[in-house]
file protein15.tsv (TSV, C-alpha atoms)
chain	number	residue	atom	x	y	z
A	1040	MET	CA	-15.78	42.84	61.57
A	1041	THR	CA	-19.10	41.23	62.41
A	1042	ARG	CA	-22.24	42.71	60.92
A	1043	LEU	CA	-24.79	40.89	63.07
A	1044	PRO	CA	-24.01	40.28	66.74
A	1045	ALA	CA	-23.54	36.82	68.17
A	1046	LEU	CA	-25.73	36.34	71.22
A	1047	ASP	CA	-23.96	35.48	74.44
A	1048	PRO	CA	-25.45	32.09	75.38
A	1049	THR	CA	-25.26	32.96	79.09
A	1050	ALA	CA	-27.26	36.16	78.52
A	1051	ALA	CA	-29.74	34.75	75.97
A	1052	THR	CA	-33.34	34.31	77.02
A	1053	GLY	CA	-36.40	32.39	75.92
A	1054	GLU	CA	-36.24	30.17	72.88
A	1055	ALA	CA	-32.82	31.51	71.86
A	1056	LYS	CA	-31.38	30.34	75.19
A	1057	THR	CA	-33.07	26.94	74.92
A	1058	LEU	CA	-31.68	26.41	71.42
A	1059	LEU	CA	-28.18	27.63	72.26
A	1060	ASP	CA	-28.09	25.45	75.39
A	1061	ALA	CA	-29.02	22.44	73.24
A	1062	VAL	CA	-26.26	23.30	70.73
A	1063	GLN	CA	-23.74	23.69	73.57
A	1064	LYS	CA	-24.75	20.31	75.01
A	1065	LYS	CA	-24.52	18.54	71.65
A	1066	LEU	CA	-21.34	20.14	70.26
A	1067	GLY	CA	-19.57	21.26	73.41
A	1068	ILE	CA	-19.55	24.80	71.96
A	1069	ALA	CA	-22.04	27.26	70.54
A	1070	PRO	CA	-20.34	28.38	67.28
A	1071	ASN	CA	-20.61	32.07	66.46
A	1072	ILE	CA	-22.68	31.47	63.33
A	1073	LEU	CA	-25.34	29.69	65.41
A	1074	ARG	CA	-25.16	32.37	68.09
A	1075	THR	CA	-25.77	34.91	65.32
A	1076	MET	CA	-28.69	32.92	63.89
A	1077	ALA	CA	-30.16	32.94	67.41
A	1078	ASN	CA	-31.02	36.63	66.95
A	1079	ALA	CA	-34.07	35.12	65.23
A	1080	PRO	CA	-34.82	31.87	67.07
A	1081	ALA	CA	-37.01	30.71	64.17
A	1082	VAL	CA	-33.95	30.85	61.90
A	1083	LEU	CA	-31.77	28.83	64.26
A	1084	LYS	CA	-34.58	26.37	64.92
A	1085	ALA	CA	-35.14	25.86	61.19
A	1086	TYR	CA	-31.44	25.36	60.51
A	1087	LEU	CA	-31.01	22.90	63.38
A	1088	GLY	CA	-34.22	21.08	62.45
A	1089	PHE	CA	-33.11	20.57	58.86
A	1090	GLY	CA	-29.81	19.10	60.09
A	1091	GLU	CA	-31.50	16.87	62.66
A	1092	ALA	CA	-33.92	15.53	60.07
A	1093	LEU	CA	-31.09	14.71	57.67
A	1094	ALA	CA	-29.15	13.01	60.47
A	1095	GLY	CA	-31.95	10.42	60.41
A	1096	GLY	CA	-31.39	9.74	56.71
A	1097	ARG	CA	-29.17	7.27	54.92
A	1098	PHE	CA	-25.95	9.30	54.97
A	1099	ASP	CA	-23.75	8.96	58.06
A	1100	ALA	CA	-22.12	11.92	59.79
A	1101	LYS	CA	-18.87	11.60	57.80
A	1102	SER	CA	-20.77	11.64	54.50
A	1103	ARG	CA	-22.92	14.61	55.55
A	1104	GLU	CA	-19.76	16.45	56.59
A	1105	ALA	CA	-18.22	15.56	53.22
A	1106	ILE	CA	-21.16	17.20	51.44
A	1107	ALA	CA	-20.84	20.22	53.76
A	1108	LEU	CA	-17.15	20.54	52.86
A	1109	THR	CA	-17.93	20.27	49.15
A	1110	VAL	CA	-20.60	22.96	49.36
A	1111	ALA	CA	-18.32	25.23	51.43
A	1112	GLY	CA	-15.55	24.75	48.88
A	1113	ALA	CA	-17.85	25.41	45.93
A	1114	ASN	CA	-19.17	28.58	47.58
A	1115	THR	CA	-15.74	29.61	48.95
A	1116	CYS	CA	-17.19	29.96	52.43
A	1117	GLU	CA	-14.15	30.21	54.69
A	1118	TYR	CA	-16.16	30.06	57.94
A	1119	CYS	CA	-18.02	26.91	56.84
A	1120	ALA	CA	-14.90	25.28	55.39
A	1121	SER	CA	-13.18	25.90	58.73
A	1122	ALA	CA	-16.11	24.60	60.80
A	1123	HIS	CA	-16.67	21.46	58.73
A	1124	THR	CA	-12.94	20.75	58.62
A	1125	ALA	CA	-12.94	20.78	62.43
A	1126	PHE	CA	-16.05	18.59	62.57
A	1127	SER	CA	-14.55	16.18	60.01
A	1128	ARG	CA	-11.32	15.94	61.97
A	1129	SER	CA	-13.36	15.10	65.09
A	1130	LEU	CA	-14.81	12.21	63.05
A	1131	LYS	CA	-11.23	11.02	62.28
A	1132	VAL	CA	-11.15	12.17	58.64
A	1133	ASP	CA	-7.55	12.95	57.67
A	1134	ASP	CA	-6.40	16.23	56.16
A	1135	ALA	CA	-5.74	14.79	52.69
A	1136	GLU	CA	-9.32	13.50	52.51
A	1137	ILE	CA	-10.65	16.81	53.83
A	1138	GLY	CA	-8.78	18.58	51.02
A	1139	LEU	CA	-10.36	16.27	48.45
A	1140	ARG	CA	-13.80	16.88	49.90
A	1141	LEU	CA	-13.38	20.67	49.80
A	1142	ARG	CA	-12.74	20.22	46.06
A	1143	GLY	CA	-15.80	18.01	45.60
A	1144	HIS	CA	-14.09	14.62	45.60
A	1145	ALA	CA	-13.44	11.66	47.89
A	1146	SER	CA	-11.16	8.64	47.83
A	1147	ASP	CA	-14.20	6.32	48.09
A	1148	THR	CA	-15.76	6.03	44.62
A	1149	LYS	CA	-19.40	6.01	45.75
A	1150	LEU	CA	-18.90	9.05	48.02
A	1151	ASP	CA	-16.89	10.72	45.25
A	1152	ALA	CA	-19.87	10.42	42.90
A	1153	ALA	CA	-22.13	11.96	45.56
A	1154	LEU	CA	-19.72	14.87	46.06
A	1155	VAL	CA	-19.26	15.47	42.34
A	1156	PHE	CA	-23.05	15.56	42.06
A	1157	ALA	CA	-23.33	17.89	45.07
A	1158	ARG	CA	-20.84	20.26	43.50
A	1159	ARG	CA	-22.77	20.18	40.21
A	1160	ILE	CA	-25.93	21.11	42.12
A	1161	VAL	CA	-24.15	24.18	43.50
A	1162	GLU	CA	-22.50	25.10	40.20
A	1163	THR	CA	-25.73	24.80	38.21
A	1164	ARG	CA	-28.03	26.09	40.96
A	1165	GLY	CA	-29.86	22.80	40.83
A	1166	ARG	CA	-30.11	22.59	37.05
A	1167	VAL	CA	-28.11	19.39	36.73
A	1168	SER	CA	-28.01	17.51	33.47
A	1169	ASP	CA	-29.29	14.04	32.66
A	1170	ASP	CA	-25.62	13.01	32.44
A	1171	ASP	CA	-25.05	14.28	36.02
A	1172	LEU	CA	-27.98	12.15	37.22
A	1173	ALA	CA	-26.78	9.13	35.25
A	1174	ALA	CA	-23.31	9.43	36.77
A	1175	VAL	CA	-24.53	9.53	40.37
A	1176	ARG	CA	-26.97	6.68	39.70
A	1177	GLY	CA	-24.20	4.70	37.99
A	1178	ALA	CA	-22.16	4.92	41.19
A	1179	GLY	CA	-24.95	3.19	43.11
A	1180	HIS	CA	-27.08	6.06	44.42
A	1181	ASP	CA	-30.82	5.54	44.09
A	1182	ASP	CA	-33.47	8.24	43.88
A	1183	GLY	CA	-33.77	8.47	47.66
A	1184	ALA	CA	-30.04	9.06	48.00
A	1185	ILE	CA	-30.17	11.68	45.26
A	1186	ALA	CA	-33.00	13.47	47.11
A	1187	GLU	CA	-30.91	13.44	50.29
A	1188	ILE	CA	-27.85	14.78	48.47
A	1189	VAL	CA	-29.96	17.68	47.21
A	1190	ALA	CA	-31.33	18.28	50.72
A	1191	ASN	CA	-27.84	18.21	52.27
A	1192	VAL	CA	-26.63	20.69	49.66
A	1193	ALA	CA	-29.57	23.00	50.38
A	1194	ALA	CA	-29.04	22.74	54.14
A	1195	ASN	CA	-25.42	23.80	53.69
A	1196	ILE	CA	-26.04	26.60	51.24
A	1197	PHE	CA	-27.97	28.47	53.94
A	1198	PRO	CA	-24.98	28.98	56.28
A	1199	ASN	CA	-22.74	29.61	53.24
A	1200	TYR	CA	-24.99	32.57	52.40
A	1201	PHE	CA	-25.70	33.61	55.98
A	1202	THR	CA	-22.00	33.92	56.82
A	1203	PRO	CA	-21.05	36.69	54.37
A	1204	VAL	CA	-24.13	38.66	55.39
A	1205	ALA	CA	-23.58	38.30	59.15
A	1206	GLN	CA	-19.77	37.99	59.14
A	1207	PRO	CA	-19.57	36.12	62.45
A	1208	ALA	CA	-16.23	36.07	64.22
A	1209	PRO	CA	-14.19	32.96	63.41
A	1210	ALA	CA	-14.79	30.09	65.81
A	1211	PHE	CA	-12.49	27.45	64.31
A	1212	PRO	CA	-8.92	27.34	62.96
A	1213	LYS	CA	-8.94	29.06	59.56
A	1214	VAL	CA	-9.23	26.94	56.43
A	1215	GLU	CA	-9.31	28.60	53.04
A	1216	PRO	CA	-11.56	26.93	50.50
A	1217	THR	CA	-9.47	25.71	47.60
A	1218	ARG	CA	-11.90	26.08	44.73
A	1219	ALA	CA	-13.26	29.10	42.91
A	1220	ARG	CA	-16.75	30.16	43.75
A	1221	ALA	CA	-19.54	28.30	42.02
A	1222	ALA	CA	-22.21	29.96	39.88
call {"tool": "encode", "arguments": {"input": "protein15.tsv", "output": "structure tokens"}}
result
Amino acid sequence: MTRLPALDPTAATGEAKTLLDAVQKKLGIAPNILRTMANAPAVLKAYLGFGEALAGGRFDAKSREAIALTVAGANTCEYCASAHTAFSRSLKVDDAEIGLRLRGHASDTKLDAALVFARRIVETRGRVSDDDLAAVRGAGHDDGAIAEIVANVAANIFPNYFTPVAQPAPAFPKVEPTRARAA
């Protein structure tokens, strides 16, 4: 049962309508979580803005989706795991790789190090160790990449927390996160 209503994009007005129309144009759908965020246009605008800013960074869409899957898995967010699985599939990521990413790993060693680090950020609430930093650096990630990993984790924690509060109706085929909840 939903706790916060999802706005109907066809009935939305003002800034909420403008934002939902832009989401619809970009994604082809307006997912229920974003329709729910639109109850406060500032919230949806902030969420979308954070994502748009990170899209201009060094990580491509597949890598950003990998971090999103890792964060969803670490936080056992079924809605987000389902959404980012669908988005990853649309980017031609296979199911075996998606499963790895939900558990904080990847078949590519450099991406794997980024996902292990992302999961450590969630598990430790940002209090990573010097060894965690050394491991991600040792895999070839510089300080700028580390900053972007942190930012991508933070951007994905928001919907992971928003979802259990709002309980939006599912919008994607169900995927159960495979890892226990992080700290």
call {"tool": "residues_around", "arguments": {"input": "protein15.tsv", "residues": "Ser1146 of chain A", "least_positions_apart": "5", "cutoff": "12 Å", "atoms": "all atoms listed in the file", "output": "number ranges by chain"}}
result
A: 1105, 1132-1133, 1135-1140, 1151-1155
call {"tool": "closest_atom_pairs", "arguments": {"input": "protein15.tsv", "of": "segment 1046-1080 of chain A", "to": "segment 1195-1209 of chain A", "cutoff": "12 Å", "atoms": "all atoms listed in the file", "output": "CSV"}}
result
residue,atom,partner,partner_atom,distance
A:Leu1046,CA,A:Pro1207,CA,10.7
A:Pro1070,CA,A:Pro1209,CA,8.6
A:Asn1071,CA,A:Pro1207,CA,5.8
A:Ile1072,CA,A:Pro1207,CA,5.7
A:Leu1073,CA,A:Pro1207,CA,9.1
A:Arg1074,CA,A:Pro1207,CA,8.8
A:Thr1075,CA,A:Pro1207,CA,6.9
A:Met1076,CA,A:Phe1201,CA,8.5
A:Ala1077,CA,A:Ala1205,CA,11.8
A:Asn1078,CA,A:Ala1205,CA,10.9
call {"tool": "write_last_selection", "arguments": {"input": "protein15.tsv", "atoms": "C-alpha atoms", "output": "PDB file, in the frame of the given file"}}
result
ATOM      1  CA  LEU A1046     -25.730  36.340  71.220  1.00  0.00           C
ATOM      2  CA  PRO A1070     -20.340  28.380  67.280  1.00  0.00           C
ATOM      3  CA  ASN A1071     -20.610  32.070  66.460  1.00  0.00           C
ATOM      4  CA  ILE A1072     -22.680  31.470  63.330  1.00  0.00           C
ATOM      5  CA  LEU A1073     -25.340  29.690  65.410  1.00  0.00           C
ATOM      6  CA  ARG A1074     -25.160  32.370  68.090  1.00  0.00           C
ATOM      7  CA  THR A1075     -25.770  34.910  65.320  1.00  0.00           C
ATOM      8  CA  MET A1076     -28.690  32.920  63.890  1.00  0.00           C
ATOM      9  CA  ALA A1077     -30.160  32.940  67.410  1.00  0.00           C
ATOM     10  CA  ASN A1078     -31.020  36.630  66.950  1.00  0.00           C
TER      11      ASN A1078
END
call {"tool": "closest_residue", "arguments": {"input": "protein15.tsv", "among": "A:Asp1134, A:Gly1179, A:Thr1052, A:Val1161", "to": "Thr1148 of chain A", "atoms": "only C-alpha atoms"}}
result
A:Gly1179
call {"tool": "atom_distance", "arguments": {"input": "protein15.tsv", "atom1": "atom CA of Pro1048 of chain A", "atom2": "atom CA of Asp1060 of chain A"}}
result
7.1 Å
call {"tool": "residues_near_point", "arguments": {"input": "protein15.tsv", "point": "(-23.9, 16.1, 47.7)", "cutoff": "8 Å", "atoms": "only C-alpha atoms", "output": "count of residues only"}}
result
17
call {"tool": "closest_residue", "arguments": {"input": "protein15.tsv", "among": "A:Arg1042, A:Leu1058, A:Arg1159, A:Pro1212", "to": "Leu1087 of chain A", "atoms": "only C-alpha atoms"}}
result
A:Leu1058
call {"tool": "closest_residue", "arguments": {"input": "protein15.tsv", "among": "A:Lys1056, A:Gly1090, A:Lys1101, A:Ala1190", "to": "Ser1127 of chain A", "atoms": "only C-alpha atoms"}}
result
A:Lys1101
call {"tool": "closest_residue", "arguments": {"input": "protein15.tsv", "among": "A:Ala1069, A:Glu1104, A:Thr1057, A:Met1040", "to": "Ala1125 of chain A", "atoms": "all atoms listed in the file"}}
result
A:Glu1104
call {"tool": "closest_residue", "arguments": {"input": "protein15.tsv", "among": "A:Phe1211, A:Gly1177, A:Ala1092, A:Thr1041", "to": "Arg1128 of chain A", "atoms": "all atoms listed in the file"}}
result
A:Phe1211
call {"tool": "atom_distance", "arguments": {"input": "protein15.tsv", "atom1": "atom CA of Leu1141 of chain A", "atom2": "atom CA of Ile1185 of chain A"}}
result
19.6 Å
call {"tool": "closest_residue", "arguments": {"input": "protein15.tsv", "among": "A:Glu1091, A:Glu1215, A:Glu1117, A:Asp1047", "to": "Ile1068 of chain A", "atoms": "only C-alpha atoms"}}
result
A:Asp1047
call {"tool": "decode", "arguments": {"input": "protein15.tsv", "residues": "segment 1136-1215 of chain A", "atoms": "C-alpha atoms", "output": "PDB file, in the first residue's frame"}}
result
ATOM      1  CA  GLU A1136      26.408  -9.117 -14.275  1.00  0.00           C
ATOM      2  CA  ILE A1137      23.370  -7.420 -12.737  1.00  0.00           C
ATOM      3  CA  GLY A1138      23.419 -10.046  -9.974  1.00  0.00           C
ATOM      4  CA  LEU A1139      27.089  -9.338  -9.305  1.00  0.00           C
ATOM      5  CA  ARG A1140      26.425  -5.609  -9.167  1.00  0.00           C
ATOM      6  CA  LEU A1141      23.553  -6.020  -6.699  1.00  0.00           C
ATOM      7  CA  ARG A1142      26.099  -7.765  -4.447  1.00  0.00           C
ATOM      8  CA  GLY A1143      28.682  -5.009  -4.890  1.00  0.00           C
ATOM      9  CA  HIS A1144      30.877  -6.652  -7.504  1.00  0.00           C
ATOM     10  CA  ALA A1145      31.535  -6.599 -11.248  1.00  0.00           C
ATOM     11  CA  SER A1146      33.376  -8.818 -13.704  1.00  0.00           C
ATOM     12  CA  ASP A1147      35.575  -5.855 -14.743  1.00  0.00           C
ATOM     13  CA  THR A1148      38.294  -5.425 -12.096  1.00  0.00           C
ATOM     14  CA  LYS A1149      38.347  -1.613 -12.108  1.00  0.00           C
ATOM     15  CA  LEU A1150      34.540  -1.378 -11.845  1.00  0.00           C
ATOM     16  CA  ASP A1151      34.603  -4.122  -9.208  1.00  0.00           C
ATOM     17  CA  ALA A1152      36.910  -1.996  -7.042  1.00  0.00           C
ATOM     18  CA  ALA A1153      34.552   0.978  -7.431  1.00  0.00           C
ATOM     19  CA  LEU A1154      31.561  -1.149  -6.414  1.00  0.00           C
ATOM     20  CA  VAL A1155      33.344  -2.717  -3.451  1.00  0.00           C
ATOM     21  CA  PHE A1156      34.225   0.817  -2.348  1.00  0.00           C
ATOM     22  CA  ALA A1157      30.639   2.008  -2.909  1.00  0.00           C
ATOM     23  CA  ARG A1158      29.331  -0.823  -0.777  1.00  0.00           C
ATOM     24  CA  ARG A1159      31.858   0.019   1.968  1.00  0.00           C
ATOM     25  CA  ILE A1160      30.604   3.620   1.910  1.00  0.00           C
ATOM     26  CA  VAL A1161      27.064   2.362   2.553  1.00  0.00           C
ATOM     27  CA  GLU A1162      28.104  -0.204   5.162  1.00  0.00           C
ATOM     28  CA  THR A1163      30.237   2.262   7.113  1.00  0.00           C
ATOM     29  CA  ARG A1164      28.016   5.297   6.496  1.00  0.00           C
ATOM     30  CA  GLY A1165      30.951   6.986   4.830  1.00  0.00           C
ATOM     31  CA  ARG A1166      33.525   6.075   7.469  1.00  0.00           C
ATOM     32  CA  VAL A1167      35.719   4.053   5.136  1.00  0.00           C
ATOM     33  CA  SER A1168      39.158   2.952   6.215  1.00  0.00           C
ATOM     34  CA  ASP A1169      42.537   3.902   4.798  1.00  0.00           C
ATOM     35  CA  ASP A1170      42.694   0.333   3.454  1.00  0.00           C
ATOM     36  CA  ASP A1171      39.387   0.885   1.596  1.00  0.00           C
ATOM     37  CA  LEU A1172      40.835   4.018  -0.016  1.00  0.00           C
ATOM     38  CA  ALA A1173      44.095   2.264  -0.859  1.00  0.00           C
ATOM     39  CA  ALA A1174      42.206  -0.587  -2.532  1.00  0.00           C
ATOM     40  CA  VAL A1175      40.122   1.674  -4.772  1.00  0.00           C
ATOM     41  CA  ARG A1176      43.187   3.767  -5.624  1.00  0.00           C
ATOM     42  CA  GLY A1177      45.180   0.600  -6.320  1.00  0.00           C
ATOM     43  CA  ALA A1178      42.588  -0.368  -8.933  1.00  0.00           C
ATOM     44  CA  GLY A1179      43.258   2.860 -10.823  1.00  0.00           C
ATOM     45  CA  HIS A1180      40.715   5.298  -9.396  1.00  0.00           C
ATOM     46  CA  ASP A1181      42.079   8.762  -8.673  1.00  0.00           C
ATOM     47  CA  ASP A1182      40.728  11.248  -6.144  1.00  0.00           C
ATOM     48  CA  GLY A1183      38.247  12.675  -8.644  1.00  0.00           C
ATOM     49  CA  ALA A1184      36.820   9.229  -9.335  1.00  0.00           C
ATOM     50  CA  ILE A1185      36.601   8.545  -5.606  1.00  0.00           C
ATOM     51  CA  ALA A1186      34.676  11.807  -5.125  1.00  0.00           C
ATOM     52  CA  GLU A1187      32.276  10.786  -7.897  1.00  0.00           C
ATOM     53  CA  ILE A1188      31.781   7.329  -6.391  1.00  0.00           C
ATOM     54  CA  VAL A1189      30.819   8.981  -3.102  1.00  0.00           C
ATOM     55  CA  ALA A1190      28.449  11.351  -4.922  1.00  0.00           C
ATOM     56  CA  ASN A1191      26.813   8.500  -6.856  1.00  0.00           C
ATOM     57  CA  VAL A1192      26.338   6.564  -3.617  1.00  0.00           C
ATOM     58  CA  ALA A1193      24.752   9.602  -1.958  1.00  0.00           C
ATOM     59  CA  ALA A1194      22.484  10.235  -4.945  1.00  0.00           C
ATOM     60  CA  ASN A1195      21.232   6.653  -4.736  1.00  0.00           C
ATOM     61  CA  ILE A1196      20.785   6.528  -0.983  1.00  0.00           C
ATOM     62  CA  PHE A1197      18.081   9.194  -1.262  1.00  0.00           C
ATOM     63  CA  PRO A1198      15.620   7.056  -3.279  1.00  0.00           C
ATOM     64  CA  ASN A1199      16.593   4.011  -1.179  1.00  0.00           C
ATOM     65  CA  TYR A1200      15.353   5.921   1.879  1.00  0.00           C
ATOM     66  CA  PHE A1201      12.473   7.687   0.149  1.00  0.00           C
ATOM     67  CA  THR A1202      10.956   4.418  -1.080  1.00  0.00           C
ATOM     68  CA  PRO A1203      10.217   2.787   2.299  1.00  0.00           C
ATOM     69  CA  VAL A1204       8.724   6.043   3.556  1.00  0.00           C
ATOM     70  CA  ALA A1205       6.522   6.661   0.492  1.00  0.00           C
ATOM     71  CA  GLN A1206       5.987   3.027  -0.550  1.00  0.00           C
ATOM     72  CA  PRO A1207       5.278   3.824  -4.207  1.00  0.00           C
ATOM     73  CA  ALA A1208       3.522   1.181  -6.265  1.00  0.00           C
ATOM     74  CA  PRO A1209       5.951  -1.030  -8.181  1.00  0.00           C
ATOM     75  CA  ALA A1210       6.725   0.251 -11.668  1.00  0.00           C
ATOM     76  CA  PHE A1211       9.179  -2.419 -12.841  1.00  0.00           C
ATOM     77  CA  PRO A1212       9.375  -6.228 -12.742  1.00  0.00           C
ATOM     78  CA  LYS A1213      10.217  -7.226  -9.166  1.00  0.00           C
ATOM     79  CA  VAL A1214      13.831  -7.922  -8.246  1.00  0.00           C
ATOM     80  CA  GLU A1215      14.723  -8.862  -4.702  1.00  0.00           C
TER      81      GLU A1215
END
